[in-house]
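Asks: My structure is below; once you've seen it, I'll send some questions.
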Amino acid sequence: MHEVDMTKCLLLAMEDWKRRHSPAVPRVGTVHLLVGAFTCVEPDQLVFTWKAAVQNTWLAGAELAIEPVALVGRCVACNATYQPSAEEAYRSPCCQHPMEEIVSGRELKIRSVDYSLEGCSLEPASPSLSPCC
Ligand SMILES: [Zn+2]
């Protein structure tokens with residue numbers, strides 16, 4: 001139930017973000033998420049748990065848009081970057097070296113949020129979001 005924990009974590013991050021707009025409550029359209037291939041998060045499952053979790057909350061109706069990030073490793077033997085695959089046991093194709101360094105693919109963070117603020121004209125500039133976990 002990894003996705004359930006991820007969703008809780010996301011909701012906490014969104015709650016934090018909402019507080020920065022206080023007393024206004026942002027109306028969220030879409031939350032754009034970067035999800036690395038090596039996070040073991042199933043995007044469909046995450047969207048499913050998200051939809052269930054936001055029902056009857058201030059985030060009701062907010063969509064989750066998932067942008068996948070490919071797994072890229074760096075060969076510590078020759079410094080080349082490569083796309084590891086499970087079939088090759090994540091070894092580098094150049095040196096057959098076991099994967100020791102991951103360049104990308106472990107991301108799980110909120111990239112941006114599409115939202116609007118209604119009924120508030122004193123709103124400061126839009127905030128930047130910190131990573132979810
Ligand atoms: Zn190599």
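Order determines the names: the first chain of the structure tokens is A, the second B, and so forth; residues in each chain are numbered 1 upward, and ligands are numbered 1 upward as they are shown.
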How would you write, as a ChimeraX atom specification, the set of residues no farther than 6 Å from ligand 1 when counting only C-alpha atoms and all ligand atoms?
Replies: /A:75,77-78,80,92,94-95
Asks: Residues of the last selection are to be written out with N, CA, C and O atoms, as a compact mmCIF listing (two decimals), in the first residue's frame.
Replies:
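Result saved to selection35.txt:
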# COMPACT_ATOMS: atom_id res chain seq x y z
N CYS A 75 27.32 4.74 -14.53
CA CYS A 75 28.26 3.64 -14.32
C CYS A 75 29.45 4.18 -13.52
O CYS A 75 30.13 5.11 -13.97
N ALA A 77 32.13 2.72 -12.99
CA ALA A 77 33.39 2.25 -13.54
C ALA A 77 33.91 3.19 -14.63
O ALA A 77 35.10 3.51 -14.67
N CYS A 78 33.00 3.67 -15.51
CA CYS A 78 33.47 4.50 -16.63
C CYS A 78 32.75 5.85 -16.70
O CYS A 78 33.01 6.64 -17.59
N ALA A 80 29.79 6.64 -17.56
CA ALA A 80 28.74 6.79 -18.57
C ALA A 80 27.37 6.70 -17.90
O ALA A 80 27.20 6.04 -16.88
N SER A 92 25.22 -1.88 -15.83
CA SER A 92 25.51 -0.96 -16.92
C SER A 92 25.85 -1.77 -18.17
O SER A 92 26.54 -2.78 -18.08
N CYS A 94 27.74 -0.90 -20.55
CA CYS A 94 29.13 -0.67 -20.96
C CYS A 94 30.10 -1.61 -20.22
O CYS A 94 30.94 -2.25 -20.84
N CYS A 95 29.97 -1.68 -18.90
CA CYS A 95 30.94 -2.43 -18.10
C CYS A 95 30.32 -3.59 -17.31
O CYS A 95 31.01 -4.26 -16.56
Asks: Let's see if you can do this: from backbone DSSP, list all strand (DSSP E or B) residues in chain A, as a PDB file with N, CA and C atoms, in the first residue's frame.
Replies:
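Result file out_23.pdb:
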ATOM      1  N   ARG A  27      -8.596  27.188  -5.038  1.00  0.00           N
ATOM      2  CA  ARG A  27      -9.376  26.152  -5.722  1.00  0.00           C
ATOM      3  C   ARG A  27      -8.420  25.456  -6.693  1.00  0.00           C
ATOM      4  N   VAL A  28      -8.104  24.212  -6.403  1.00  0.00           N
ATOM      5  CA  VAL A  28      -7.086  23.495  -7.165  1.00  0.00           C
ATOM      6  C   VAL A  28      -7.707  22.761  -8.345  1.00  0.00           C
ATOM      7  N   GLY A  29      -7.142  22.992  -9.541  1.00  0.00           N
ATOM      8  CA  GLY A  29      -7.602  22.286 -10.730  1.00  0.00           C
ATOM      9  C   GLY A  29      -6.813  21.012 -10.933  1.00  0.00           C
ATOM     10  N   THR A  30      -5.501  21.170 -11.081  1.00  0.00           N
ATOM     11  CA  THR A  30      -4.635  20.018 -11.330  1.00  0.00           C
ATOM     12  C   THR A  30      -3.347  20.128 -10.533  1.00  0.00           C
ATOM     13  N   VAL A  31      -2.949  19.019  -9.957  1.00  0.00           N
ATOM     14  CA  VAL A  31      -1.653  18.932  -9.288  1.00  0.00           C
ATOM     15  C   VAL A  31      -0.735  18.130 -10.210  1.00  0.00           C
ATOM     16  N   HIS A  32       0.362  18.783 -10.644  1.00  0.00           N
ATOM     17  CA  HIS A  32       1.305  18.109 -11.532  1.00  0.00           C
ATOM     18  C   HIS A  32       2.403  17.474 -10.700  1.00  0.00           C
ATOM     19  N   LEU A  33       2.570  16.184 -10.919  1.00  0.00           N
ATOM     20  CA  LEU A  33       3.483  15.416 -10.096  1.00  0.00           C
ATOM     21  C   LEU A  33       4.578  14.787 -10.958  1.00  0.00           C
ATOM     22  N   LEU A  34       5.815  14.848 -10.465  1.00  0.00           N
ATOM     23  CA  LEU A  34       6.904  14.135 -11.117  1.00  0.00           C
ATOM     24  C   LEU A  34       7.088  12.821 -10.375  1.00  0.00           C
ATOM     25  N   VAL A  35       7.000  11.718 -11.110  1.00  0.00           N
ATOM     26  CA  VAL A  35       7.142  10.417 -10.462  1.00  0.00           C
ATOM     27  C   VAL A  35       8.222   9.607 -11.170  1.00  0.00           C
ATOM     28  N   GLY A  36       9.291   9.331 -10.465  1.00  0.00           N
ATOM     29  CA  GLY A  36      10.390   8.559 -11.022  1.00  0.00           C
ATOM     30  C   GLY A  36      10.020   7.104 -11.220  1.00  0.00           C
ATOM     31  N   GLU A  63      -7.487  17.220  -9.944  1.00  0.00           N
ATOM     32  CA  GLU A  63      -6.925  16.103 -10.702  1.00  0.00           C
ATOM     33  C   GLU A  63      -5.445  15.957 -10.384  1.00  0.00           C
ATOM     34  N   LEU A  64      -4.978  14.739 -10.520  1.00  0.00           N
ATOM     35  CA  LEU A  64      -3.562  14.467 -10.360  1.00  0.00           C
ATOM     36  C   LEU A  64      -2.999  14.160 -11.750  1.00  0.00           C
ATOM     37  N   ALA A  65      -2.025  14.947 -12.198  1.00  0.00           N
ATOM     38  CA  ALA A  65      -1.399  14.694 -13.497  1.00  0.00           C
ATOM     39  C   ALA A  65       0.019  14.188 -13.239  1.00  0.00           C
ATOM     40  N   ILE A  66       0.283  12.974 -13.672  1.00  0.00           N
ATOM     41  CA  ILE A  66       1.571  12.359 -13.365  1.00  0.00           C
ATOM     42  C   ILE A  66       2.503  12.383 -14.565  1.00  0.00           C
ATOM     43  N   GLU A  67       3.666  12.959 -14.324  1.00  0.00           N
ATOM     44  CA  GLU A  67       4.686  13.032 -15.369  1.00  0.00           C
ATOM     45  C   GLU A  67       5.796  12.055 -14.994  1.00  0.00           C
ATOM     46  N   PRO A  68       5.948  10.991 -15.775  1.00  0.00           N
ATOM     47  CA  PRO A  68       6.954   9.999 -15.398  1.00  0.00           C
ATOM     48  C   PRO A  68       8.379  10.490 -15.664  1.00  0.00           C
ATOM     49  N   VAL A  69       9.295  10.091 -14.802  1.00  0.00           N
ATOM     50  CA  VAL A  69      10.708  10.411 -14.981  1.00  0.00           C
ATOM     51  C   VAL A  69      11.452   9.090 -15.127  1.00  0.00           C
ATOM     52  N   VAL A  72      17.633   6.704 -14.745  1.00  0.00           N
ATOM     53  CA  VAL A  72      18.943   6.862 -15.379  1.00  0.00           C
ATOM     54  C   VAL A  72      20.003   6.581 -14.325  1.00  0.00           C
ATOM     55  N   GLY A  73      20.910   5.678 -14.675  1.00  0.00           N
ATOM     56  CA  GLY A  73      21.994   5.353 -13.748  1.00  0.00           C
ATOM     57  C   GLY A  73      23.314   5.851 -14.297  1.00  0.00           C
ATOM     58  N   ARG A  74      24.300   5.973 -13.395  1.00  0.00           N
ATOM     59  CA  ARG A  74      25.636   6.326 -13.858  1.00  0.00           C
ATOM     60  C   ARG A  74      26.561   5.171 -13.505  1.00  0.00           C
ATOM     61  N   THR A  81      26.385   7.421 -18.475  1.00  0.00           N
ATOM     62  CA  THR A  81      25.024   7.272 -17.972  1.00  0.00           C
ATOM     63  C   THR A  81      24.288   6.285 -18.860  1.00  0.00           C
ATOM     64  N   TYR A  82      23.338   5.577 -18.279  1.00  0.00           N
ATOM     65  CA  TYR A  82      22.609   4.556 -19.029  1.00  0.00           C
ATOM     66  C   TYR A  82      21.232   4.374 -18.424  1.00  0.00           C
ATOM     67  N   GLU A 101      24.840   4.162  -8.693  1.00  0.00           N
ATOM     68  CA  GLU A 101      24.471   5.568  -8.634  1.00  0.00           C
ATOM     69  C   GLU A 101      23.272   5.840  -9.525  1.00  0.00           C
ATOM     70  N   ILE A 102      22.276   6.495  -8.949  1.00  0.00           N
ATOM     71  CA  ILE A 102      21.071   6.832  -9.710  1.00  0.00           C
ATOM     72  C   ILE A 102      21.065   8.332  -9.989  1.00  0.00           C
ATOM     73  N   VAL A 103      20.994   8.685 -11.277  1.00  0.00           N
ATOM     74  CA  VAL A 103      20.986  10.097 -11.667  1.00  0.00           C
ATOM     75  C   VAL A 103      19.568  10.659 -11.545  1.00  0.00           C
ATOM     76  N   SER A 104      18.608   9.927 -12.064  1.00  0.00           N
ATOM     77  CA  SER A 104      17.215  10.330 -11.926  1.00  0.00           C
ATOM     78  C   SER A 104      16.337   9.095 -11.907  1.00  0.00           C
ATOM     79  N   LEU A 108       9.877  12.098  -6.480  1.00  0.00           N
ATOM     80  CA  LEU A 108       8.457  12.068  -6.252  1.00  0.00           C
ATOM     81  C   LEU A 108       8.143  13.421  -5.654  1.00  0.00           C
ATOM     82  N   LYS A 109       7.741  14.333  -6.519  1.00  0.00           N
ATOM     83  CA  LYS A 109       7.491  15.672  -6.011  1.00  0.00           C
ATOM     84  C   LYS A 109       6.456  16.420  -6.834  1.00  0.00           C
ATOM     85  N   ILE A 110       5.934  17.440  -6.207  1.00  0.00           N
ATOM     86  CA  ILE A 110       4.948  18.270  -6.877  1.00  0.00           C
ATOM     87  C   ILE A 110       5.698  19.264  -7.750  1.00  0.00           C
ATOM     88  N   ARG A 111       5.451  19.212  -9.042  1.00  0.00           N
ATOM     89  CA  ARG A 111       6.117  20.129  -9.960  1.00  0.00           C
ATOM     90  C   ARG A 111       5.424  21.483  -9.964  1.00  0.00           C
ATOM     91  N   SER A 112       4.094  21.454 -10.091  1.00  0.00           N
ATOM     92  CA  SER A 112       3.327  22.695 -10.083  1.00  0.00           C
ATOM     93  C   SER A 112       1.867  22.399  -9.766  1.00  0.00           C
ATOM     94  N   VAL A 113       1.146  23.446  -9.455  1.00  0.00           N
ATOM     95  CA  VAL A 113      -0.278  23.311  -9.144  1.00  0.00           C
ATOM     96  C   VAL A 113      -1.052  24.337  -9.952  1.00  0.00           C
ATOM     97  N   ASP A 114      -2.053  23.869 -10.665  1.00  0.00           N
ATOM     98  CA  ASP A 114      -2.958  24.802 -11.354  1.00  0.00           C
ATOM     99  C   ASP A 114      -4.067  25.139 -10.372  1.00  0.00           C
ATOM    100  N   TYR A 115      -4.228  26.423 -10.098  1.00  0.00           N
ATOM    101  CA  TYR A 115      -5.246  26.792  -9.123  1.00  0.00           C
ATOM    102  C   TYR A 115      -5.723  28.210  -9.358  1.00  0.00           C
ATOM    103  N   SER A 116      -6.804  28.536  -8.711  1.00  0.00           N
ATOM    104  CA  SER A 116      -7.283  29.907  -8.757  1.00  0.00           C
ATOM    105  C   SER A 116      -7.714  30.308  -7.358  1.00  0.00           C
TER     106      SER A 116
END
Asks: Considering only C-alpha atoms, can you say which of A:Val41, A:Val54, A:Val76, A:Leu46 comes closest to Leu12 (chain A)?
Replies: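 Closest to Leu12 (chain A), using only C-alpha atoms: A:Val54.
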Asks: Would you mind writing down, as a count of residues only, each residue of chain A that DSSP on the backbone assigns to alpha helix (DSSP H)?
Replies: 30
Asks: Using only C-alpha atoms, can you tell me which of A:Ser22, A:Cys40, A:Pro93, A:Gln55 comes closest to Arg106 (chain A)?
Replies: A:Cys40
Asks: Using only C-alpha atoms, which residue out of A:Met6, A:Glu87, A:Glu15, A:Ala24 lies closest to Trp50 (chain A)?
Replies: A:Met6
